[in-house]
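As stored in target36.txt (compact mmCIF, C-alpha atoms):
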# COMPACT_ATOMS: atom_id res chain seq x y z
CA MET A 1 -7.05 15.41 20.93
CA CYS A 2 -9.81 13.05 19.93
CA CYS A 3 -12.25 14.10 22.63
CA PHE A 4 -13.24 17.18 24.69
CA ILE A 5 -14.62 17.05 28.20
CA SER A 6 -16.20 20.14 29.70
CA PHE A 7 -15.36 21.06 33.28
CA GLN A 8 -18.16 23.62 33.67
CA GLN A 9 -20.02 22.92 36.91
CA ASP A 10 -23.79 22.87 36.94
CA SER A 11 -24.90 24.03 40.40
CA ARG A 12 -27.84 21.67 40.19
CA LYS A 13 -25.56 18.63 39.84
CA PRO A 14 -23.61 17.09 42.74
CA VAL A 15 -19.85 17.42 43.04
CA MET A 16 -19.66 13.69 42.26
CA ASN A 17 -20.25 14.48 38.58
CA ILE A 18 -17.05 16.51 38.41
CA GLN A 19 -15.18 13.65 40.03
CA MET A 20 -16.59 11.26 37.45
CA GLN A 21 -15.49 13.61 34.67
CA LEU A 22 -11.99 13.73 36.10
CA LEU A 23 -11.94 9.95 36.28
CA ALA A 24 -13.07 9.70 32.65
CA LEU A 25 -10.31 12.09 31.58
CA THR A 26 -7.73 10.05 33.51
CA VAL A 27 -8.87 6.86 31.79
CA LEU A 28 -8.69 8.62 28.42
CA ILE A 29 -5.15 9.85 29.05
CA LEU A 30 -3.96 6.42 30.15
CA SER A 31 -5.54 4.66 27.19
CA PRO A 32 -3.14 3.45 24.48
CA GLN A 33 -5.56 4.84 21.93
CA ILE A 34 -4.72 8.39 22.98
CA PHE A 35 -1.73 8.20 20.66
CA VAL A 36 -3.65 6.70 17.74
CA ASP A 37 -6.28 9.34 17.11
CA ALA A 38 -7.84 10.38 13.81
CA ASP A 39 -4.98 12.78 13.13
CA GLY A 40 -2.39 10.04 13.42
CA GLN A 41 -0.72 11.67 16.42
CA LEU A 42 1.58 8.74 17.19
CA TYR A 43 2.44 8.30 13.52
CA ASN A 44 3.48 11.93 13.29
CA ILE A 45 5.58 11.68 16.44
CA VAL A 46 7.34 8.59 15.12
CA GLN A 47 7.95 10.16 11.71
CA GLU A 48 9.51 13.23 13.33
CA ASN A 49 11.70 11.45 15.89
CA VAL A 50 12.50 7.90 14.79
CA LYS A 51 15.32 7.80 12.27
CA ASN A 52 14.27 4.65 10.38
CA ALA A 53 10.55 5.36 10.39
CA ASN A 54 10.51 4.51 6.67
CA LEU A 55 10.25 0.84 7.72
CA LEU A 56 6.97 1.50 9.53
CA SER A 57 3.61 2.19 7.90
CA ARG A 58 0.82 4.31 9.35
CA ASP A 59 -1.32 1.20 9.79
CA ASN A 60 1.08 -0.57 12.15
CA VAL A 61 2.72 2.30 14.05
CA ASP A 62 0.42 1.63 17.00
CA ARG A 63 2.05 -1.81 17.35
CA ILE A 64 5.16 -0.29 18.92
CA ILE A 65 4.91 -1.91 22.32
CA ASN A 66 6.86 0.63 24.38
CA ALA A 67 5.70 3.78 22.56
CA ARG A 68 3.07 4.70 25.16
CA ASP A 69 5.51 4.24 28.05
CA LEU A 70 8.13 6.40 26.34
CA LEU A 71 5.72 9.19 25.43
CA MET A 72 4.33 9.27 28.96
CA ARG A 73 7.88 9.10 30.36
CA LYS A 74 7.14 5.88 32.23
CA ALA A 75 10.22 4.21 30.78
CA ARG A 76 13.65 5.37 29.70
CA LYS A 77 15.03 4.54 26.29
CA ALA A 78 16.76 1.15 26.04
CA LYS A 79 19.90 0.53 23.99
CA ASP A 80 18.68 -2.77 22.49
CA CYS A 81 16.14 -5.57 22.88
CA ASN A 82 18.28 -7.21 25.54
CA GLU A 83 17.91 -4.20 27.84
CA LEU A 84 14.17 -4.06 27.16
CA PHE A 85 13.89 -7.74 28.09
CA ARG A 86 15.71 -7.15 31.38
CA HIS A 87 13.30 -4.28 32.11
CA GLY A 88 10.33 -6.62 31.88
CA TYR A 89 9.24 -6.41 28.24
CA THR A 90 8.71 -10.07 27.33
CA MET A 91 6.41 -9.79 24.31
CA SER A 92 7.96 -10.13 20.86
CA GLY A 93 7.23 -7.27 18.48
CA LEU A 94 8.14 -3.69 17.65
CA TYR A 95 10.01 -1.43 20.06
CA VAL A 96 11.81 1.90 19.98
CA ILE A 97 15.46 1.79 21.10
CA GLN A 98 18.37 4.23 21.19
CA PRO A 99 21.89 2.77 21.14
CA ASP A 100 24.72 4.38 23.10
CA PRO A 101 26.02 7.05 23.06
CA VAL A 102 22.61 8.72 22.99
CA ASP A 103 24.08 12.11 22.05
CA LYS A 104 25.31 10.63 18.76
CA THR A 105 22.79 7.89 17.93
CA PRO A 106 19.17 8.22 16.79
CA LEU A 107 15.95 6.65 17.95
CA LEU A 108 15.27 3.45 16.01
CA VAL A 109 12.30 1.15 15.65
CA VAL A 110 13.33 -2.51 15.73
CA ASN A 111 11.77 -5.94 15.86
CA CYS A 112 12.57 -7.78 19.10
CA GLU A 113 12.40 -11.54 19.58
CA MET A 114 11.63 -11.93 23.28
CA GLU A 115 10.49 -15.56 23.21
CA TYR A 116 13.35 -17.13 21.26
CA ASP A 117 16.32 -18.71 23.07
CA CYS A 118 16.14 -16.74 26.33
CA GLY A 119 14.81 -13.56 24.68
CA GLY A 120 16.41 -10.17 24.08
CA TRP A 121 17.33 -10.65 20.40
CA THR A 122 17.34 -7.64 18.05
CA VAL A 123 16.40 -8.49 14.45
CA LEU A 124 18.68 -7.11 11.73
CA GLU A 125 17.04 -8.81 8.76
CA ARG A 126 14.10 -10.99 7.83
CA LYS A 127 13.76 -12.48 4.38
CA SER A 128 11.46 -15.01 2.75
CA ARG A 129 12.14 -16.87 -0.47
CA SER A 130 9.00 -15.29 -1.92
CA SER A 131 9.98 -11.80 -0.75
CA PRO A 132 8.35 -8.95 -2.69
CA LEU A 133 11.54 -6.88 -2.28
CA THR A 134 14.10 -6.73 -5.08
CA TRP A 135 17.10 -6.75 -2.66
CA ASN A 136 19.28 -5.45 -5.53
CA GLU A 137 19.37 -2.00 -3.96
CA THR A 138 21.79 0.92 -3.97
CA TRP A 139 24.41 1.74 -1.35
CA THR A 140 22.23 4.42 0.26
CA THR A 141 19.22 2.11 0.46
CA TYR A 142 21.26 -0.58 2.22
CA GLN A 143 22.76 2.10 4.42
CA TYR A 144 19.45 3.30 5.85
CA GLY A 145 17.32 0.16 5.52
CA PHE A 146 14.29 -0.88 3.51
CA GLY A 147 11.25 -3.13 3.55
CA ASN A 148 8.46 -3.66 6.09
CA ILE A 149 9.76 -4.14 9.60
CA LEU A 150 6.87 -6.50 10.38
CA ALA A 151 7.83 -8.70 7.43
CA ASP A 152 10.81 -8.80 5.02
CA HIS A 153 13.24 -5.98 5.78
CA TYR A 154 16.86 -4.93 6.21
CA LEU A 155 17.55 -2.68 9.20
CA GLY A 156 20.33 -0.70 7.49
CA ASN A 157 24.13 -0.78 7.79
CA GLU A 158 24.33 2.60 9.50
CA TYR A 159 21.99 1.45 12.26
CA ILE A 160 23.61 -1.99 12.51
CA TYR A 161 26.89 -0.10 13.03
CA PHE A 162 25.37 1.99 15.85
CA LEU A 163 23.85 -1.07 17.47
CA THR A 164 26.79 -3.48 17.33
CA ASN A 165 29.49 -1.03 18.45
CA GLN A 166 28.09 -0.15 21.86
CA MET A 167 29.13 -3.49 23.44
CA TRP A 168 30.09 -7.04 22.42
CA TYR A 169 27.39 -8.78 20.39
CA LYS A 170 26.92 -12.24 18.98
CA ALA A 171 24.79 -13.02 15.93
CA ARG A 172 22.62 -15.90 14.90
CA VAL A 173 21.50 -16.73 11.37
CA VAL A 174 18.31 -18.81 11.59
CA LEU A 175 17.35 -20.71 8.42
CA GLU A 176 14.05 -22.48 7.95
CA LYS A 177 12.85 -25.14 5.54
CA ASN A 178 9.50 -26.83 5.15
CA ARG A 179 9.69 -30.60 4.80
CA ASN A 180 6.43 -32.53 4.41
CA GLY A 181 4.50 -29.79 6.14
CA LYS A 182 6.96 -29.58 9.05
CA LYS A 183 9.17 -26.58 9.75
CA ILE A 184 12.84 -27.44 10.19
CA GLN A 185 15.17 -24.82 11.62
CA ARG A 186 18.95 -24.70 11.53
CA PHE A 187 21.23 -21.96 12.81
CA ALA A 188 24.72 -20.55 12.48
CA GLU A 189 25.96 -18.51 15.42
CA TYR A 190 29.03 -16.25 15.63
CA ASP A 191 30.22 -15.31 19.11
CA ILE A 192 31.35 -11.88 17.85
CA PHE A 193 29.42 -9.81 15.33
CA ARG A 194 30.24 -6.19 14.63
CA VAL A 195 29.92 -3.86 11.63
CA GLY A 196 32.42 -1.05 11.19
CA PRO A 197 31.74 2.57 10.15
CA GLU A 198 30.81 3.93 6.73
CA LYS A 199 34.28 5.42 6.11
CA TYR A 200 35.57 1.84 5.83
CA ASN A 201 32.48 0.68 3.86
CA TYR A 202 30.83 -1.07 6.83
CA PRO A 203 33.25 -4.01 7.25
CA LEU A 204 32.02 -7.13 9.03
CA TYR A 205 33.93 -8.56 12.01
CA LEU A 206 33.12 -12.13 13.05
CA GLY A 207 34.04 -14.42 15.91
CA ALA A 208 33.97 -18.19 16.27
CA TYR A 209 31.19 -20.27 14.73
CA LYS A 210 28.88 -22.82 16.30
CA GLY A 211 25.60 -24.30 15.12
CA ASN A 212 24.06 -26.93 12.86
CA ALA A 213 23.69 -25.05 9.56
CA GLY A 214 27.37 -24.92 8.67
CA ASP A 215 29.82 -22.03 8.67
CA ALA A 216 29.18 -20.36 5.32
CA LEU A 217 31.14 -17.20 6.13
CA SER A 218 34.52 -18.78 6.87
CA VAL A 219 34.82 -21.51 4.24
CA PRO A 220 37.76 -21.50 1.78
CA GLY A 221 37.01 -19.01 -0.95
CA ASN A 222 34.46 -17.15 1.16
CA MET A 223 36.30 -15.74 4.17
CA VAL A 224 34.33 -12.56 4.78
CA ASP A 225 35.77 -11.53 8.17
CA ASN A 226 37.11 -7.94 7.97
CA LEU A 227 35.67 -7.46 4.48
CA PRO A 228 33.62 -4.38 3.49
CA PHE A 229 30.04 -4.28 2.24
CA SER A 230 29.36 -4.02 -1.51
CA THR A 231 26.37 -2.96 -3.59
CA ARG A 232 25.77 -2.69 -7.32
CA ASP A 233 26.76 0.98 -7.27
CA LYS A 234 29.67 0.66 -4.80
CA ASP A 235 32.06 -2.21 -5.52
CA SER A 236 34.21 -3.01 -2.47
CA ASP A 237 34.89 -6.74 -2.92
CA LEU A 238 38.19 -8.47 -3.73
CA ASP A 239 37.14 -9.66 -7.18
CA SER A 240 37.71 -7.97 -10.52
CA GLN A 241 33.96 -8.30 -11.07
CA ASN A 242 31.29 -6.48 -9.11
CA CYS A 243 29.89 -9.39 -7.05
CA ALA A 244 26.85 -7.43 -5.90
CA ASN A 245 25.97 -6.68 -9.51
CA LYS A 246 26.62 -10.29 -10.57
CA TYR A 247 24.54 -11.90 -7.82
CA GLY A 248 21.93 -9.17 -7.47
CA GLY A 249 22.12 -7.85 -3.93
CA GLY A 250 24.31 -6.17 -1.32
CA TRP A 251 26.61 -8.31 0.86
CA TRP A 252 30.07 -8.72 2.39
CA PHE A 253 31.62 -10.37 -0.64
CA ASN A 254 35.12 -11.82 -0.90
CA THR A 255 35.25 -13.05 -4.50
CA CYS A 256 32.56 -14.23 -6.90
CA PRO A 257 34.08 -16.91 -9.18
CA SER A 258 31.21 -19.40 -8.95
CA ARG A 259 27.85 -19.20 -10.67
CA GLU A 260 26.12 -18.79 -7.31
CA PRO A 261 27.47 -17.28 -4.06
CA PHE A 262 28.72 -19.37 -1.14
CA ALA A 263 26.62 -17.35 1.26
CA MET A 264 24.18 -14.57 0.54
CA LEU A 265 20.98 -13.69 2.36
CA THR A 266 20.03 -10.68 0.25
CA LYS A 267 19.19 -12.09 -3.16
CA LYS A 268 15.75 -12.11 -4.77
CA GLU A 269 14.01 -15.50 -4.58
CA SER A 270 17.10 -17.19 -3.12
CA ILE A 271 18.68 -17.79 0.27
CA TYR A 272 22.22 -19.15 -0.10
CA TRP A 273 24.02 -20.67 2.87
CA GLU A 274 26.54 -23.42 2.25
CA PRO A 275 26.63 -26.25 3.18
CA TYR A 276 23.00 -25.95 4.31
CA GLY A 277 21.96 -25.37 0.70
CA ASP A 278 19.96 -22.91 -1.34
CA ASP A 279 16.43 -24.16 -0.64
CA ALA A 280 15.68 -22.38 2.67
CA GLU A 281 12.33 -20.61 2.69
CA HIS A 282 12.99 -18.10 5.47
CA VAL A 283 16.00 -16.53 7.14
CA THR A 284 16.37 -14.22 10.12
CA ILE A 285 19.55 -12.51 11.34
CA LEU A 286 19.48 -11.57 15.03
CA VAL A 287 21.99 -10.14 17.50
CA ARG A 288 22.20 -10.18 21.29
CA SER A 289 24.81 -8.95 23.74
CA VAL A 290 27.24 -11.71 24.70
CA ASN A 291 27.02 -11.03 28.43
CA MET A 292 23.30 -11.68 28.70
CA TYR A 293 22.23 -14.12 31.39
CA CYS A 294 20.09 -16.93 29.98
CA ARG A 295 17.28 -18.41 32.01
CA LYS A 296 17.12 -21.97 30.70
CA LYS A 297 13.45 -22.30 31.52
CA GLY A 298 12.76 -19.55 28.97
CA LEU A 299 14.50 -21.40 26.14
CA ILE A 300 12.31 -21.62 23.04
CA SER A 301 13.78 -23.13 19.91
CA LYS A 302 11.55 -21.60 17.24
CA ILE A 303 11.24 -18.06 15.94
Take the structure I supplied and represent it as structure tokens, if you would.
Amino acid sequence: MCCFISFQQDSRKPVMNIQMQLLALTVLILSPQIFVDADGQLYNIVQENVKNANLLSRDNVDRIINARDLLMRKARKAKDCNELFRHGYTMSGLYVIQPDPVDKTPLLVVNCEMEYDCGGWTVLERKSRSSPLTWNETWTTYQYGFGNILADHYLGNEYIYFLTNQMWYKARVVLEKNRNGKKIQRFAEYDIFRVGPEKYNYPLYLGAYKGNAGDALSVPGNMVDNLPFSTRDKDSDLDSQNCANKYGGGWWFNTCPSREPFAMLTKKESIYWEPYGDDAEHVTILVRSVNMYCRKKGLISKI
């Protein structure tokens, strides 16, 4: 504890002093800073209990918006950002969730977009063209996630599996370019998005497409629905070559005959999404449950 308050009563002082001390202690307990003391109390709690705490540094652990409520048992654990949004959390940022079933799934820290297109979106990946990450990682690294959850990161296939198998989810790939100083966003949405278990190499299951960026995952020669994930040390694609090794990053590859991939959002210094092109500067992959009610007045078009 960062502070100590004595409760010894001085007979020369009025009872009001004790009441003021109790009030000060109450304020201290209710302060968010109680969990961010010099010993890194909140950081230690997160490291011990949150499965993907490797995505979170000591400096930004106090940015978890619902951490105080969870630790003080003021809120129950939510299964995703959608449930958090329905419980009144409307600020975008970091949250702790626990997908169903809670007896088999871990606590996870995720980035929630609460102000984009009706809110309640859970971020699976963020990537910038100038990303400091190599993205050409091993199977285990892609399995459990990497990067900085407040910047470029990949949540991890194991946790994406937990998240997307508890109910029906849709996904949106949001691509951003900068033209003459103006940000231009395009998106590709799939009305079903689910990742299968590790024993099948985390296959991707997709529904119907809509959007204005083009359907890069269902074009001839790049039909990735039902295909497993591949990395440089675990080749699961349908090509004689190792596509992950050729292109330099993990992905749900079909074949890799061309010099560059049809679609790939995990390659160093490149964001490929045909027919949108390969010059996007930022990409975000988000998911949200398909049964979520959308309040049109909350619609915001930019991430």
Q: Identify, on the basis of only C-alpha atoms, every residue whose closest approach to range 165-181 of chain A does not exceed 7 Å; exclude the query and any residue fewer than 3 positions from it along the same chain; express the result as a list in words.
A: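 So, after excluding close chain neighbours, the residues are Pro99, Asp100, Tyr161, Phe162, Ile184, Gln185, Arg186, Phe187, Ala188, Glu189, Tyr190, Asp191, Ile192, Phe193, Arg194, Ala280, Glu281, His282, Val283, Thr284, Ile285, Leu286, Val287, Arg288, Ser289 and Val290 of chain A.
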Using C-alpha atoms, can you export the residues from the last selection as a CSV table (one decimal), in the frame of the given file?
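Final output, saved to again_6.csv:
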chain,number,residue,atom,x,y,z
A,99,PRO,CA,21.9,2.8,21.1
A,100,ASP,CA,24.7,4.4,23.1
A,161,TYR,CA,26.9,-0.1,13.0
A,162,PHE,CA,25.4,2.0,15.8
A,184,ILE,CA,12.8,-27.4,10.2
A,185,GLN,CA,15.2,-24.8,11.6
A,186,ARG,CA,19.0,-24.7,11.5
A,187,PHE,CA,21.2,-22.0,12.8
A,188,ALA,CA,24.7,-20.6,12.5
A,189,GLU,CA,26.0,-18.5,15.4
A,190,TYR,CA,29.0,-16.2,15.6
A,191,ASP,CA,30.2,-15.3,19.1
A,192,ILE,CA,31.4,-11.9,17.8
A,193,PHE,CA,29.4,-9.8,15.3
A,194,ARG,CA,30.2,-6.2,14.6
A,280,ALA,CA,15.7,-22.4,2.7
A,281,GLU,CA,12.3,-20.6,2.7
A,282,HIS,CA,13.0,-18.1,5.5
A,283,VAL,CA,16.0,-16.5,7.1
A,284,THR,CA,16.4,-14.2,10.1
A,285,ILE,CA,19.6,-12.5,11.3
A,286,LEU,CA,19.5,-11.6,15.0
A,287,VAL,CA,22.0,-10.1,17.5
A,288,ARG,CA,22.2,-10.2,21.3
A,289,SER,CA,24.8,-9.0,23.7
A,290,VAL,CA,27.2,-11.7,24.7
(Q) List the spatial neighbours of Ser57 in chain A as a count of residues only - criterion: any atom at most 12 Å away, all atoms listed in the file, same-chain residues fewer than 6 positions off excluded. (A) 15
Q.
One number please: CA of Trp135 in chain A to CA of Tyr116 in chain A, in Å, one decimal.
A.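 Separating CA of Trp135 in chain A from CA of Tyr116 in chain A is a distance of 26.3 Å.
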(Q) Please determine, counting all atoms listed in the file, which residue among A:Gln41, A:Asn254, A:Gln241, A:Ser230 has the shortest atom-to-atom distance to Trp139 in chain A. (A)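 With all atoms listed in the file as the atom set, the closest residue is A:Ser230.
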Q: Measure the distance from CA of Asn242 in chain A to CA of Asn136 in chain A in Å and round it to one decimal.
A: 12.6 Å
